[in-house]
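Peer 1: You'll find upload_3.cif just under this line, and it carries mmCIF, C-alpha atoms.
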```cif
data_coords
#
loop_
_atom_site.label_atom_id
_atom_site.label_comp_id
_atom_site.auth_asym_id
_atom_site.auth_seq_id
_atom_site.Cartn_x
_atom_site.Cartn_y
_atom_site.Cartn_z
CA MET A 1 -9.84 22.01 -25.43
CA ALA A 2 -8.77 20.69 -22.01
CA GLY A 3 -12.12 18.96 -21.51
CA ARG A 4 -11.92 17.31 -24.94
CA ARG A 5 -8.38 16.09 -24.21
CA ALA A 6 -9.47 14.60 -20.90
CA GLN A 7 -12.20 12.63 -22.69
CA GLU A 8 -9.74 11.36 -25.32
CA HIS A 9 -7.21 10.27 -22.67
CA PRO A 10 -9.24 9.32 -19.55
CA HIS A 11 -6.45 7.82 -17.49
CA GLY A 12 -3.78 8.57 -14.91
CA PRO A 13 0.00 8.04 -14.97
CA ASP A 14 -0.41 4.50 -13.59
CA ARG A 15 -2.29 3.31 -16.69
CA LEU A 16 -1.25 5.14 -19.85
CA CYS A 17 -3.04 4.83 -23.18
CA GLY A 18 -1.24 2.87 -25.89
CA ALA A 19 0.03 5.96 -27.72
CA GLY A 20 1.18 7.59 -24.50
CA ASP A 21 3.00 4.44 -23.43
CA ARG A 22 4.92 4.31 -26.71
CA VAL A 23 5.99 7.97 -26.64
CA TYR A 24 6.93 7.95 -22.93
CA SER A 25 8.89 4.69 -23.32
CA ARG A 26 10.78 6.19 -26.27
CA ALA A 27 11.54 9.32 -24.24
CA VAL A 28 12.90 7.27 -21.32
CA ARG A 29 15.10 5.19 -23.65
CA ARG A 30 16.48 8.15 -25.63
CA GLY A 31 16.49 10.84 -22.95
CA ARG A 32 14.20 13.17 -24.92
CA VAL A 33 11.78 13.29 -27.87
CA PRO A 34 10.77 16.02 -30.34
CA ARG A 35 7.81 18.08 -29.16
CA THR A 36 5.93 17.04 -32.32
CA ASP A 37 5.93 13.41 -31.09
CA ALA A 38 3.68 14.40 -28.18
CA GLU A 39 1.08 16.33 -30.18
CA SER A 40 -1.19 13.28 -30.37
CA VAL A 41 -0.73 12.47 -26.66
CA PRO A 42 -1.31 15.67 -24.67
CA CYS A 43 -1.90 13.45 -21.64
CA LEU A 44 1.86 13.11 -21.16
CA LEU A 45 2.24 16.86 -20.65
CA GLU A 46 -0.95 17.18 -18.59
CA LEU A 47 0.25 14.39 -16.27
CA ALA A 48 3.75 15.94 -16.08
CA LEU A 49 5.36 12.83 -17.55
CA LEU A 50 7.06 14.97 -20.17
CA HIS A 51 8.25 18.57 -19.86
CA PRO A 52 10.12 21.02 -22.12
CA ASP A 53 13.89 20.73 -22.37
CA PRO A 54 15.22 24.04 -20.95
CA ASP A 55 18.12 23.92 -23.41
CA ASP A 56 15.92 23.47 -26.48
CA MET A 57 12.16 24.08 -26.21
CA SER A 58 11.49 22.06 -29.37
CA TRP A 59 12.30 18.90 -27.40
CA LEU A 60 10.62 17.23 -24.42
CA VAL A 61 12.42 15.33 -21.65
CA PRO A 62 10.80 12.62 -19.47
CA THR A 63 10.15 12.76 -15.76
CA SER A 64 12.08 9.82 -14.26
CA PRO A 65 10.02 6.63 -13.63
CA GLN A 66 11.26 6.66 -10.01
CA GLU A 67 9.83 10.14 -9.44
CA VAL A 68 6.53 9.18 -11.07
CA MET A 69 6.25 6.07 -8.88
CA THR A 70 7.03 8.08 -5.74
CA ARG A 71 4.29 10.54 -6.70
CA LEU A 72 1.79 7.69 -7.15
CA LEU A 73 2.63 6.15 -3.77
CA ARG A 74 2.19 9.48 -2.04
CA GLY A 75 -1.24 9.79 -3.65
CA VAL A 76 -2.21 6.31 -2.42
CA HIS A 77 -0.98 7.19 1.09
CA ASP A 78 -3.09 10.37 1.10
CA GLU A 79 -6.17 8.43 -0.04
CA VAL A 80 -5.67 5.82 2.68
CA LYS A 81 -5.22 8.50 5.33
CA GLU A 82 -8.40 10.27 4.19
CA SER A 83 -10.27 6.95 4.26
CA GLN A 84 -9.15 6.27 7.83
CA LEU A 85 -10.39 9.70 8.89
CA ARG A 86 -13.74 9.07 7.21
CA VAL A 87 -14.12 5.69 8.90
CA GLY A 88 -13.26 7.26 12.26
CA SER A 89 -15.92 9.93 11.73
CA ALA A 90 -18.47 7.27 10.81
CA VAL A 91 -17.70 5.32 13.98
CA ALA A 92 -18.01 8.44 16.14
CA ALA A 93 -21.37 9.31 14.58
CA PHE A 94 -22.62 5.74 15.01
CA GLU A 95 -21.70 5.69 18.70
CA ARG A 96 -23.40 9.06 19.25
CA TYR A 97 -26.62 7.85 17.61
CA ALA A 98 -26.49 4.56 19.48
CA GLY A 99 -26.20 6.45 22.76
CA LEU A 100 -29.45 8.30 22.19
CA GLY A 101 -31.29 5.14 23.19
CA GLN A 102 -34.21 5.87 20.89
CA ARG A 103 -35.83 2.83 19.27
CA LEU A 104 -36.43 3.31 15.58
CA PRO A 105 -39.21 1.51 13.69
CA THR A 106 -37.99 -1.79 12.25
CA SER A 107 -38.29 -2.32 8.51
CA ALA A 108 -36.54 -4.34 5.84
CA SER A 109 -34.46 -1.36 4.71
CA THR A 110 -33.30 -0.39 8.21
CA ALA A 111 -32.44 -4.01 8.97
CA VAL A 112 -30.13 -4.17 5.97
CA GLU A 113 -28.48 -0.83 6.78
CA GLY A 114 -28.05 -1.89 10.41
CA THR A 115 -25.64 -4.68 9.43
CA ALA A 116 -23.53 -2.53 7.10
CA ILE A 117 -21.23 -1.52 9.98
CA ARG A 118 -20.99 -3.67 13.07
CA VAL A 119 -18.85 -2.77 16.10
CA LEU A 120 -17.13 -5.83 17.58
CA ASP A 121 -16.17 -5.07 21.18
CA GLY A 122 -13.82 -7.64 22.69
CA LEU A 123 -11.46 -10.27 21.32
CA SER A 124 -14.02 -13.06 21.67
CA ARG A 125 -16.57 -11.25 19.49
CA ILE A 126 -13.91 -10.41 16.93
CA GLN A 127 -12.78 -14.03 16.84
CA ALA A 128 -16.35 -15.30 16.43
CA ALA A 129 -17.06 -12.88 13.56
CA MET A 130 -13.81 -13.83 11.84
CA ASP A 131 -14.62 -17.54 12.14
CA GLU A 132 -18.09 -16.91 10.68
CA ALA A 133 -16.64 -14.97 7.72
CA THR A 134 -14.04 -17.71 7.17
CA GLU A 135 -16.71 -20.41 6.98
CA ALA A 136 -18.72 -18.39 4.47
CA CYS A 137 -15.71 -17.50 2.28
CA THR A 138 -15.54 -19.29 -1.09
CA THR A 139 -13.16 -17.35 -3.36
CA GLU A 140 -10.43 -15.11 -1.91
CA VAL A 141 -9.01 -13.45 1.18
CA LEU A 142 -6.96 -10.25 1.06
CA THR A 143 -5.01 -9.16 4.15
CA VAL A 144 -2.71 -6.34 5.19
CA GLN A 145 -0.45 -7.20 8.13
CA PRO A 146 1.40 -4.15 9.53
CA GLY A 147 4.21 -4.18 12.05
CA GLY A 148 7.48 -6.05 11.93
CA ILE A 149 8.33 -9.73 12.32
CA ARG A 150 5.19 -11.77 13.02
CA ARG A 151 5.29 -13.64 16.32
CA GLU A 152 4.84 -17.41 16.29
CA ASP A 153 1.69 -17.18 18.45
CA GLU A 154 0.11 -14.67 16.04
CA LEU A 155 0.72 -16.98 13.09
CA THR A 156 -0.51 -20.03 15.00
CA GLU A 157 -3.69 -18.24 16.10
CA GLY A 158 -4.98 -17.83 12.54
CA LEU A 159 -3.49 -21.04 11.14
CA HIS A 160 -6.67 -23.09 11.54
CA ARG A 161 -8.64 -20.54 9.50
CA ALA A 162 -5.97 -20.43 6.79
CA LEU A 163 -5.88 -24.24 6.52
CA ALA A 164 -9.66 -24.39 6.30
CA LEU A 165 -9.64 -21.83 3.50
CA ARG A 166 -6.91 -23.68 1.62
CA GLY A 167 -8.91 -26.89 1.89
CA ARG A 168 -11.80 -25.22 0.05
CA GLY A 169 -9.57 -23.84 -2.71
CA VAL A 170 -9.71 -20.24 -1.49
CA ARG A 171 -6.84 -18.07 -2.73
CA MET A 172 -5.11 -15.70 -0.30
CA ARG A 173 -2.97 -12.62 -0.85
CA ASP A 174 -1.06 -11.07 2.07
CA LEU A 175 0.77 -7.73 2.33
CA TYR A 176 3.54 -7.29 4.91
CA THR A 177 6.24 -4.75 5.67
CA HIS A 178 9.73 -5.55 4.38
CA VAL A 179 10.84 -6.23 7.96
CA ALA A 180 8.53 -9.25 8.14
CA ARG A 181 10.75 -10.99 5.56
CA HIS A 182 13.23 -11.74 8.36
CA GLY A 183 10.78 -13.80 10.41
CA HIS A 184 11.36 -17.55 10.22
CA GLY A 185 7.80 -18.18 11.43
CA LEU A 186 6.34 -16.35 8.42
CA LEU A 187 8.55 -18.25 5.99
CA SER A 188 7.49 -21.56 7.57
CA TYR A 189 3.82 -20.52 7.37
CA LEU A 190 4.11 -19.64 3.67
CA GLU A 191 5.89 -22.91 2.96
CA LEU A 192 3.11 -24.82 4.73
CA MET A 193 0.37 -23.00 2.79
CA GLY A 194 2.06 -23.53 -0.59
CA ASP A 195 0.54 -21.87 -3.64
CA ALA A 196 -2.68 -21.08 -1.74
CA VAL A 197 -1.01 -17.92 -0.40
CA GLU A 198 0.85 -15.22 -2.34
CA ALA A 199 2.75 -12.67 -0.25
CA ARG A 200 4.33 -9.31 -1.03
CA SER A 201 5.94 -6.58 1.07
CA LEU A 202 6.31 -2.79 1.18
CA ASP A 203 8.37 -0.38 3.27
CA GLU A 204 5.18 0.55 5.12
CA VAL A 205 1.55 -0.47 4.87
CA ILE A 206 -1.78 0.68 6.27
CA ASP A 207 -3.27 -0.65 9.50
CA ARG A 208 -4.52 -4.24 9.66
CA LEU A 209 -7.15 -5.12 7.05
CA ILE A 210 -8.84 -8.44 6.23
CA LEU A 211 -11.23 -8.80 3.26
CA PHE A 212 -13.33 -11.90 2.55
CA ASP A 213 -14.72 -12.40 -0.97
CA ARG A 214 -14.75 -8.61 -1.46
CA THR A 215 -18.02 -8.51 0.48
CA VAL A 216 -16.97 -8.17 4.15
CA ALA A 217 -13.99 -6.37 5.68
CA PHE A 218 -12.52 -6.19 9.17
CA ILE A 219 -10.48 -3.21 10.39
CA PRO A 220 -9.33 -2.22 13.91
CA ALA A 221 -11.30 0.44 15.76
CA SER A 222 -8.96 0.89 18.75
CA THR A 223 -5.23 1.20 19.19
CA ASP A 224 -5.03 -1.98 21.28
CA HIS A 225 -7.04 -3.92 18.66
CA THR A 226 -9.65 -5.06 21.19
CA VAL A 227 -12.39 -3.31 19.18
CA ALA A 228 -12.92 -3.91 15.47
CA LEU A 229 -15.37 -2.93 12.75
CA GLU A 230 -17.09 -5.45 10.51
CA LEU A 231 -17.93 -3.65 7.26
CA ARG A 232 -20.44 -4.96 4.73
CA HIS A 233 -21.44 -1.76 2.97
CA PRO A 234 -20.53 -2.26 -0.74
CA ALA A 235 -19.07 1.25 -1.10
CA LEU A 236 -16.81 0.93 1.94
CA VAL A 237 -15.67 -2.57 1.05
CA GLY A 238 -15.09 -1.58 -2.58
CA TYR A 239 -12.96 1.36 -1.47
CA LEU A 240 -10.80 -0.88 0.75
CA VAL A 241 -10.37 -3.38 -2.10
CA THR A 242 -9.11 -0.54 -4.32
CA VAL A 243 -6.63 0.53 -1.64
CA PHE A 244 -5.37 -3.04 -1.30
CA GLU A 245 -4.98 -3.55 -5.05
CA ARG A 246 -2.99 -0.33 -5.45
CA LEU A 247 -0.65 -1.24 -2.60
CA TRP A 248 -0.33 -4.78 -4.00
CA ARG A 249 0.76 -3.44 -7.38
CA LEU A 250 3.52 -1.39 -5.71
CA ALA A 251 4.70 -4.22 -3.43
CA VAL A 252 7.61 -6.63 -3.97
CA PRO A 253 6.99 -10.43 -3.95
CA LEU A 254 8.55 -12.12 -0.93
CA THR A 255 10.33 -14.45 -3.34
CA ALA A 256 12.10 -11.49 -5.01
CA PRO A 257 14.99 -9.43 -3.58
CA LEU A 258 14.39 -5.85 -2.50
CA PRO A 259 15.41 -3.20 -5.06
CA ASP A 260 18.99 -1.93 -4.83
CA THR A 261 19.39 1.65 -3.60
CA ARG A 262 22.29 2.14 -6.06
CA ILE A 263 24.13 4.08 -3.33
CA GLU A 264 27.13 2.31 -1.86
CA GLY A 265 26.84 1.56 1.84
CA ILE A 266 23.11 2.45 2.04
CA SER A 267 20.63 -0.39 2.52
CA HIS A 268 17.03 -0.35 1.32
CA ARG A 269 15.78 0.09 4.90
CA GLU A 270 18.17 2.98 5.53
CA GLN A 271 16.90 4.66 2.36
CA SER A 272 13.33 4.34 3.66
CA ILE A 273 14.39 5.81 7.01
CA ALA A 274 16.18 8.67 5.24
CA ALA A 275 13.02 9.52 3.27
CA LEU A 276 10.96 9.63 6.49
CA LEU A 277 13.63 11.75 8.21
CA ALA A 278 13.45 14.17 5.31
CA GLU A 279 9.70 14.49 5.93
CA GLY A 280 10.44 15.55 9.53
CA HIS A 281 9.26 12.44 11.39
CA GLN A 282 10.59 11.56 14.83
CA ASP A 283 12.34 8.26 15.61
CA ALA A 284 9.27 6.69 17.23
CA VAL A 285 7.05 7.47 14.24
CA ILE A 286 9.64 6.11 11.81
CA ALA A 287 9.92 2.90 13.82
CA GLU A 288 6.15 2.39 13.93
CA ARG A 289 5.66 3.00 10.20
CA LEU A 290 8.45 0.62 9.18
CA GLY A 291 7.61 -2.07 11.77
CA ILE A 292 10.91 -1.88 13.66
CA SER A 293 11.89 -0.91 17.19
CA VAL A 294 12.95 2.62 18.09
CA ARG A 295 16.36 1.22 19.05
CA THR A 296 16.78 -0.34 15.61
CA ALA A 297 15.67 2.88 13.90
CA ARG A 298 18.25 4.88 15.84
CA ALA A 299 20.97 2.37 14.99
CA HIS A 300 20.17 2.80 11.27
CA ILE A 301 20.17 6.59 11.67
CA ALA A 302 23.60 6.41 13.30
CA ARG A 303 24.87 4.33 10.36
CA LEU A 304 23.41 6.88 7.95
CA CYS A 305 25.32 9.65 9.73
CA GLU A 306 28.52 7.65 9.52
CA THR A 307 28.07 6.67 5.86
CA LEU A 308 27.12 10.18 4.74
CA GLY A 309 29.69 11.91 6.93
CA ALA A 310 27.12 13.88 8.95
CA ALA A 311 28.08 15.13 12.42
CA SER A 312 24.53 16.09 13.47
CA ARG A 313 20.88 15.39 12.63
CA THR A 314 20.66 18.79 10.89
CA GLN A 315 23.69 18.01 8.77
CA LEU A 316 22.26 14.55 8.07
CA GLY A 317 19.12 16.14 6.60
CA VAL A 318 21.27 18.24 4.26
CA ARG A 319 23.34 15.23 3.18
CA ILE A 320 20.19 13.14 2.59
CA ALA A 321 18.91 15.78 0.16
CA GLN A 322 22.29 16.12 -1.54
CA VAL A 323 22.58 12.43 -2.40
CA GLY A 324 18.91 12.07 -3.35
CA LEU A 325 17.76 9.94 -0.40
CA ASN A 326 14.88 12.27 0.46
CA THR A 327 12.49 10.20 -1.68
CA VAL A 328 12.17 6.44 -1.82
CA THR A 329 13.06 5.00 -5.23
CA LEU A 330 10.27 2.61 -6.06
CA GLN A 331 10.56 -0.34 -8.38
CA PRO A 332 7.25 -2.15 -8.87
CA PRO A 333 7.41 -5.93 -9.23
CA ALA A 334 7.67 -7.43 -12.67
CA PRO A 335 4.30 -8.39 -14.16
CA ASP A 336 3.28 -11.83 -12.99
CA ARG A 337 0.43 -14.20 -13.63
CA GLU A 338 -2.84 -12.50 -12.75
CA SER A 339 -4.47 -13.94 -9.67
CA PRO A 340 -7.42 -16.18 -10.62
CA THR A 341 -9.49 -14.41 -8.00
CA ALA A 342 -8.80 -10.88 -9.27
CA ARG A 343 -11.89 -9.15 -10.53
#
```
Take the structure in this file and express it as structure tokens.

Peer 2:
Amino acid sequence: MAGRRAQEHPHGPDRLCGAGDRVYSRAVRRGRVPRTDAESVPCLLELALLHPDPDDMSWLVPTSPQEVMTRLLRGVHDEVKESQLRVGSAVAAFERYAGLGQRLPTSASTAVEGTAIRVLDGLSRIQAAMDEATEACTTEVLTVQPGGIRREDELTEGLHRALALRGRGVRMRDLYTHVARHGHGLLSYLELMGDAVEARSLDEVIDRLILFDRTVAFIPASTDHTVALELRHPALVGYLVTVFERLWRLAVPLTAPLPDTRIEGISHREQSIAALLAEGHQDAVIAERLGISVRTARAHIARLCETLGAASRTQLGVRIAQVGLNTVTLQPPAPDRESPTAR
């Protein structure tokens, strides 16, 4: 029975079938639905979008959309983390094999596989590879830019590539952290690029990622970003495109305001910090993930203590759970016009 149901409803909570969408929407609007309404859509129970009403088992109540969205984001984060570990293992194996110094017979197949992952050691090699990929790009560029406010020199460094892409009609989509919204340099850059660039932001993103035409990707291979990987293997590139698209769907357009926390005196950033505190992260980790300084993170934590009436970090953790700040309430952006480069 379970296998047959899975075949009839082959989807996850992020893309419900038509019948499931109608029943779940009705449950959210009304607060509950009769159990008989869900007989034709067992997917809603299997995905934990509906669950029995403890006061009357003949009715089903919906899991809140905020909780469902938080669950989805955690799943994306786990997938990204697993991907980073896999890439790191691949790099370690490649370096070990390269160190053996044994020359392998050259053939057409080994030549193709040899270019699937290329280690770029040094800023000059990275720059040259990026320029080459820019010149060959014809359709789209997808980027993830972690950290906080972008420095003017960072934006200026890649401006010539961005202008060249715009001149050829290439569309660009950029993901930033919410903190980057406060940088005047970024706003000036987006104004200069016009409709060639669409930007969105999240509380936290993955490490830097640049994708050209969904065929070549660049990711850092060292903490100081002086070593990078050029990836051309279709499976690896396809996986990174999927990660980007899922983060993009959860992000907020830079032209739209950040969602309200609905808790008086608590800003969106402080809610994000509270959620990370609830997970047990230290101040330095919180600062790095949100793209802010440790000093700024501690200032927000102090304001959280004052707003919630907590006299200690332990008491703050209790108060965060009591008011429901231990999970970030996510509100995906309203549906917009599909990017012409989306495939």

Peer 1: Enter the distance from atom CA of A:Gly309 to atom CA of A:Val294, in Å, rounded to one decimal.

Peer 2: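 Between these atoms lies a distance of 22.2 Å.
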
Peer 1: Give as a list of chain:residue names the residues that the PyMOL selection byres ((chain A and resi 244) around 10) matches when applied to the coordinates above.

Peer 2: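 In the shown coordinates, the PyMOL selection byres ((chain A and resi 244) around 10) covers A:Val76, A:Val80, A:Leu142, A:Thr143, A:Val144, A:Arg173, A:Asp174, A:Leu175, A:Val205, A:Ile206, A:Leu209, A:Ile210, A:Leu211, A:Gly238, A:Tyr239, A:Leu240, A:Val241, A:Thr242, A:Val243, A:Glu245, A:Arg246, A:Leu247, A:Trp248, A:Arg249.
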
Peer 1: Applied to this file, what does the PyMOL selection byres ((chain A and resi 272-277) around 9) return in terms of residues, put as a PyMOL selection string?

Peer 2: chain A and resi 203+267-271+278-283+285-287+290+297+300-301+304+316-317+320+325-329

Peer 1: Atom CA of A:Gly31 and atom CA of A:Leu50, how far apart in Å?

Peer 2: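 Separation of atom CA of A:Leu50 and atom CA of A:Gly31: 10.7 Å.
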
Peer 1: Write out as JSON, numbers by chain the residues lying within 6 Å of A:Trp59, counting all atoms listed in the file and excluding same-chain residues fewer than 6 positions away.

Peer 2: {"A": [33, 34, 35, 53]}

Peer 1: Only C-alpha atoms, please: the residues just picked out, written as a PDB file, keeping the file's coordinate frame.

Peer 2:
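Okay, this is what ended up in part14.pdb:
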```pdb
ATOM      1  CA  VAL A  33      11.780  13.290 -27.870  1.00  0.00           C
ATOM      2  CA  PRO A  34      10.770  16.020 -30.340  1.00  0.00           C
ATOM      3  CA  ARG A  35       7.810  18.080 -29.160  1.00  0.00           C
ATOM      4  CA  ASP A  53      13.890  20.730 -22.370  1.00  0.00           C
TER       5      ASP A  53
END
```

Peer 1: If you measure from atom CA of A:Gly185 to atom CA of A:Thr296, what distance in Å do you get, rounded to one decimal?

Peer 2: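 Those two atoms sit 20.4 Å apart.
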
Peer 1: Nearest to A:Arg232 among A:Arg214, A:Arg200, A:Arg26, A:Arg161, with distances taken over all atoms listed in the file: which residue is it?

Peer 2: A:Arg214

Peer 1: For A:Val237, which residue among A:Ala162, A:Val179, A:Cys137, A:Val87 is the nearest when counting only C-alpha atoms?

Peer 2: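 When distances to A:Val237 are compared using only C-alpha atoms, the smallest one comes from A:Val87.
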
Peer 1: Might you spell out which residues the PyMOL selection byres ((chain A and resi 135) around 12) would select in the displayed file, as a list in words?

Peer 2: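 That selection, the PyMOL selection byres ((chain A and resi 135) around 12), comes back as Ala128, Ala129, Met130, Asp131, Glu132, Ala133, Thr134, Ala136, Cys137, Thr138, Thr139, Val141, His160, Arg161, Ala162, Leu163, Ala164, Leu165, Arg166, Gly167, Arg168, Val170, Phe212 and Asp213 of chain A.
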
Peer 1: Using only C-alpha atoms, can you tell me which of A:Ala228, A:Ala180, A:Cys43, A:Ala196 comes closest to A:Gln127?

Peer 2: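 That would be A:Ala228, the residue with the smallest distance to A:Gln127.
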
Peer 1: For the point (1.4, -5.0, 7.9) in file coordinates, what residues are within 8 Å, counting only C-alpha atoms? Give the answer as a PyMOL selection string?

Peer 2: chain A and resi 144-148+175-177+204-208+291
